[in-house]
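Reproduced below: input_32.cif, with mmCIF, C-alpha atoms.
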```
data_work
loop_
_atom_site.label_atom_id
_atom_site.label_comp_id
_atom_site.auth_asym_id
_atom_site.auth_seq_id
_atom_site.Cartn_x
_atom_site.Cartn_y
_atom_site.Cartn_z
CA MET A 8 -8.14 126.92 -184.77
CA SER A 9 -5.07 128.61 -183.37
CA GLU A 10 -5.15 131.02 -180.49
CA ASN A 11 -2.91 134.04 -180.16
CA GLY A 12 -0.07 134.09 -177.69
CA THR A 13 0.23 136.40 -174.70
CA PHE A 14 3.30 138.19 -173.29
CA HIS A 15 4.12 138.27 -169.57
CA GLU A 16 6.84 139.72 -167.31
CA SER A 17 7.79 138.37 -163.90
CA ASN A 18 10.89 139.08 -161.80
CA GLY A 19 12.94 140.33 -164.74
CA ARG A 20 12.12 137.34 -166.93
CA TYR A 21 9.67 137.29 -169.80
CA SER A 22 7.40 134.62 -171.20
CA LEU A 23 5.19 133.91 -174.17
CA ARG A 24 2.19 131.70 -173.54
CA PHE A 25 0.12 129.89 -176.15
CA GLU A 26 -2.80 127.51 -175.75
CA ARG A 27 -4.14 125.04 -178.27
CA SER A 28 -7.04 122.60 -178.00
CA PHE A 29 -6.98 119.17 -179.62
CA SER A 30 -9.67 116.57 -180.14
CA GLN A 31 -7.06 113.88 -179.42
CA LYS A 32 -6.30 112.59 -175.94
CA ALA A 33 -3.20 113.79 -174.10
CA GLU A 34 -1.43 110.46 -174.74
CA GLU A 35 -1.72 110.91 -178.50
CA VAL A 36 -0.59 114.56 -178.46
CA PHE A 37 2.29 113.75 -176.08
CA ALA A 38 3.43 110.94 -178.40
CA VAL A 39 3.62 113.40 -181.31
CA LEU A 40 5.27 116.04 -179.09
CA THR A 41 8.09 113.74 -178.00
CA ASN A 42 8.60 111.88 -181.30
CA PRO A 43 11.95 112.97 -182.79
CA ASP A 44 10.69 112.74 -186.39
CA SER A 45 7.65 114.95 -185.79
CA PHE A 46 9.63 117.27 -183.47
CA THR A 47 11.91 118.23 -186.37
CA GLN A 48 8.89 119.15 -188.50
CA TRP A 49 7.63 121.91 -186.21
CA TYR A 50 10.39 122.85 -183.75
CA PRO A 51 13.06 125.29 -185.06
CA PHE A 52 16.60 123.97 -185.40
CA ALA A 53 15.75 120.52 -183.94
CA THR A 54 18.02 117.84 -185.43
CA GLY A 55 15.94 114.84 -184.32
CA GLU A 56 18.57 113.73 -181.81
CA MET A 57 16.57 113.43 -178.59
CA ASP A 58 17.07 111.40 -175.42
CA VAL A 59 13.44 111.65 -174.32
CA ARG A 60 13.65 111.29 -170.53
CA LEU A 61 14.20 113.51 -167.52
CA GLY A 62 17.76 114.86 -167.83
CA GLY A 63 18.01 113.78 -171.46
CA GLU A 64 19.43 116.02 -174.16
CA ILE A 65 17.94 117.48 -177.32
CA ALA A 66 20.28 118.52 -180.15
CA PHE A 67 19.78 121.70 -182.16
CA ASP A 68 21.59 123.22 -185.15
CA ASP A 69 20.76 126.67 -186.51
CA GLY A 70 21.99 125.76 -189.99
CA GLU A 71 24.56 128.55 -189.82
CA GLY A 72 27.30 126.73 -187.94
CA THR A 73 25.93 126.85 -184.39
CA ALA A 74 25.02 123.52 -182.82
CA TYR A 75 23.86 123.33 -179.23
CA LYS A 76 22.10 121.05 -176.76
CA GLY A 77 18.99 121.42 -174.68
CA SER A 78 18.35 119.57 -171.44
CA ILE A 79 15.00 118.04 -170.45
CA THR A 80 14.09 119.49 -167.05
CA GLU A 81 10.58 118.06 -166.59
CA PHE A 82 9.10 114.90 -168.06
CA GLU A 83 5.81 113.45 -166.86
CA GLU A 84 4.21 111.31 -169.54
CA PRO A 85 1.67 112.21 -170.93
CA PHE A 86 1.20 115.63 -169.36
CA LEU A 87 4.48 117.56 -169.11
CA PHE A 88 7.55 118.10 -171.29
CA ALA A 89 9.97 120.93 -170.45
CA PHE A 90 13.53 121.71 -171.44
CA HIS A 91 16.19 124.39 -171.45
CA GLU A 92 17.11 125.29 -174.99
CA GLY A 93 20.78 126.14 -175.09
CA GLY A 94 21.02 128.32 -171.98
CA ALA A 95 18.53 130.39 -170.05
CA ASP A 96 15.52 129.89 -172.34
CA LEU A 97 12.98 127.43 -170.96
CA ILE A 98 10.25 125.74 -172.98
CA ARG A 99 7.45 124.17 -170.93
CA ILE A 100 4.64 122.27 -172.62
CA SER A 101 1.82 120.88 -170.52
CA LEU A 102 -1.28 118.94 -171.51
CA GLN A 103 -4.57 118.82 -169.61
CA GLU A 104 -7.46 116.49 -170.36
CA GLU A 105 -10.40 118.53 -171.62
CA ASN A 106 -13.78 117.21 -172.75
CA ASN A 107 -12.99 114.46 -175.28
CA GLY A 108 -9.50 115.78 -176.03
CA CYS A 109 -6.85 117.89 -174.38
CA ARG A 110 -5.55 121.43 -174.06
CA MET A 111 -1.89 122.21 -174.59
CA THR A 112 -0.22 125.13 -172.82
CA PHE A 113 3.10 126.16 -174.37
CA VAL A 114 5.27 128.64 -172.43
CA HIS A 115 8.63 130.00 -173.56
CA THR A 116 10.51 131.89 -170.81
CA PHE A 117 13.46 134.10 -171.77
CA GLU A 118 15.51 137.13 -170.69
CA ASP A 119 15.45 139.69 -173.53
CA PRO A 120 12.06 141.34 -174.13
CA SER A 121 13.18 142.77 -177.47
CA TRP A 122 12.74 139.29 -178.94
CA ALA A 123 9.09 138.96 -177.83
CA VAL A 124 7.38 140.03 -181.06
CA PRO A 125 9.38 138.00 -183.61
CA THR A 126 9.50 135.02 -181.26
CA ALA A 127 5.73 135.11 -180.71
CA ALA A 128 5.16 135.23 -184.47
CA GLY A 129 7.54 132.31 -184.91
CA TRP A 130 5.96 130.16 -182.21
CA HIS A 131 2.49 130.94 -183.53
CA ARG A 132 3.54 129.49 -186.90
CA CYS A 133 5.35 126.53 -185.32
CA LEU A 134 2.38 125.62 -183.15
CA ASP A 135 0.10 125.83 -186.19
CA ALA A 136 2.42 123.28 -187.85
CA PHE A 137 2.35 121.13 -184.70
CA GLY A 138 -1.45 121.12 -184.85
CA GLN A 139 -1.33 119.94 -188.45
CA ILE A 140 0.94 117.03 -187.44
CA VAL A 141 -1.31 116.07 -184.51
CA ASN A 142 -4.30 116.07 -186.88
CA GLY A 143 -2.48 113.82 -189.37
CA GLU A 144 -2.18 116.55 -191.99
CA GLN A 145 0.72 117.41 -194.27
CA VAL A 146 2.59 120.39 -192.78
CA LYS A 147 1.94 123.53 -194.83
CA TRP A 148 3.63 126.70 -193.59
CA GLU A 149 1.48 129.76 -194.17
CA GLU A 150 3.24 132.87 -195.48
CA ASN A 151 1.94 134.95 -192.57
CA ALA A 152 5.08 135.85 -190.60
CA ALA A 153 4.92 139.57 -191.41
CA GLU A 154 1.23 139.79 -190.49
CA LEU A 155 1.84 137.93 -187.24
CA ARG A 156 4.75 140.20 -186.29
CA GLU A 157 2.52 143.23 -186.90
CA MET A 158 -0.32 141.71 -184.88
CA TYR A 159 1.96 140.82 -181.93
CA SER A 160 3.66 144.20 -182.06
CA GLU A 161 0.27 145.84 -181.59
CA ALA A 162 -0.92 143.29 -179.04
CA PHE A 163 2.23 143.64 -176.91
CA LYS A 164 2.43 147.43 -177.44
CA MET A 165 6.03 147.11 -178.61
CA ASP A 166 8.08 148.45 -181.47
CA ARG A 167 9.71 145.83 -183.60
#
```
Kindly return the structure encoded in the file as structure tokens.
Amino acid sequence: MSENGTFHESNGRYSLRFERSFSQKAEEVFAVLTNPDSFTQWYPFATGEMDVRLGGEIAFDDGEGTAYKGSITEFEEPFLFAFHEGGADLIRISLQEENNGCRMTFVHTFEDPSWAVPTAAGWHRCLDAFGQIVNGEQVKWEENAAELREMYSEAFKMDR
């Protein structure tokens, strides 16, 4: 079951926060999270080129001629994976043991609040796909982007 993201502002920066619960232990979820093959299945523009270590790089390509690199800023197996994605955007994914599984907290920090609604809708869909991978399912992308944008627009009290 996916949970909706929330929008936050702090010191002129903005963030989207999502939480997901898994029945798997943090080690299993972290292994999927940092596996280049599975990363490309749920993370936008990921090429699969990843040097998975503190200071390592992650390669991205938007498919329209723009290739760029991210840099891993935090790496504490199996609980923390964070990286800058081509500039000021920061992705921070943490895992906490919870009951017989774990809880993932995904935070995307960025500078332009006008991107909050479409980005939240996108991450919602991506994290749903991530959950399918963790659960050993075939990734099936729901055709719900428009509905999610509408929902987040209302939730964040923003015009698209």
* To do: Kindly extract all protein, DNA and RNA residues lying within 10 Å of the coordinates (-4.0, 120.5, -169.8) given in the file, considering all atoms listed in the file, and supply them as a list of chain:residue names.
  =>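 Applying the cut-off with all atoms listed in the file, one gets A:Glu26, A:Arg27, A:Ser28, A:Ala33, A:Phe86, A:Leu87, A:Ile100, A:Ser101, A:Leu102, A:Gln103, A:Glu104, A:Glu105, A:Gly108, A:Cys109, A:Arg110, A:Met111, A:Thr112.
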* How many Å separate CA of Pro51 (chain A) from CA of Gly70 (chain A)? ->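 About the pair CA of Pro51 (chain A) and CA of Gly70 (chain A): they are 10.2 Å apart.
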* Could you spell out the hits of the PyMOL selection byres ((chain A and resi 121-125) around 10) on the shown file, as a PyMOL selection string? -> chain A and resi 13-15+21-23+115+117-120+126-131+152-153+155-167
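Relative to CA of Gly143 (chain A), CA of Thr116 (chain A) is found at 29.0 Å.
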* Asked: Taking all atoms listed in the file into account, which of A:Phe37, A:Glu149, A:His91, A:Pro43 comes nearest Gly62 (chain A)?
  ->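 With all atoms listed in the file as the atom set, the closest residue is A:His91.
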* Mind giving me the straight-line distance from CA of Gly12 (chain A) to CA of Ala53 (chain A) in Å, one decimal? =>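 Going from CA of Gly12 (chain A) over to CA of Ala53 (chain A) covers 21.8 Å.
Closest approach to Val141 (chain A) among A:Tyr75, A:Trp49, A:Phe82, A:Phe25 is made by A:Trp49 (distances from all atoms listed in the file).
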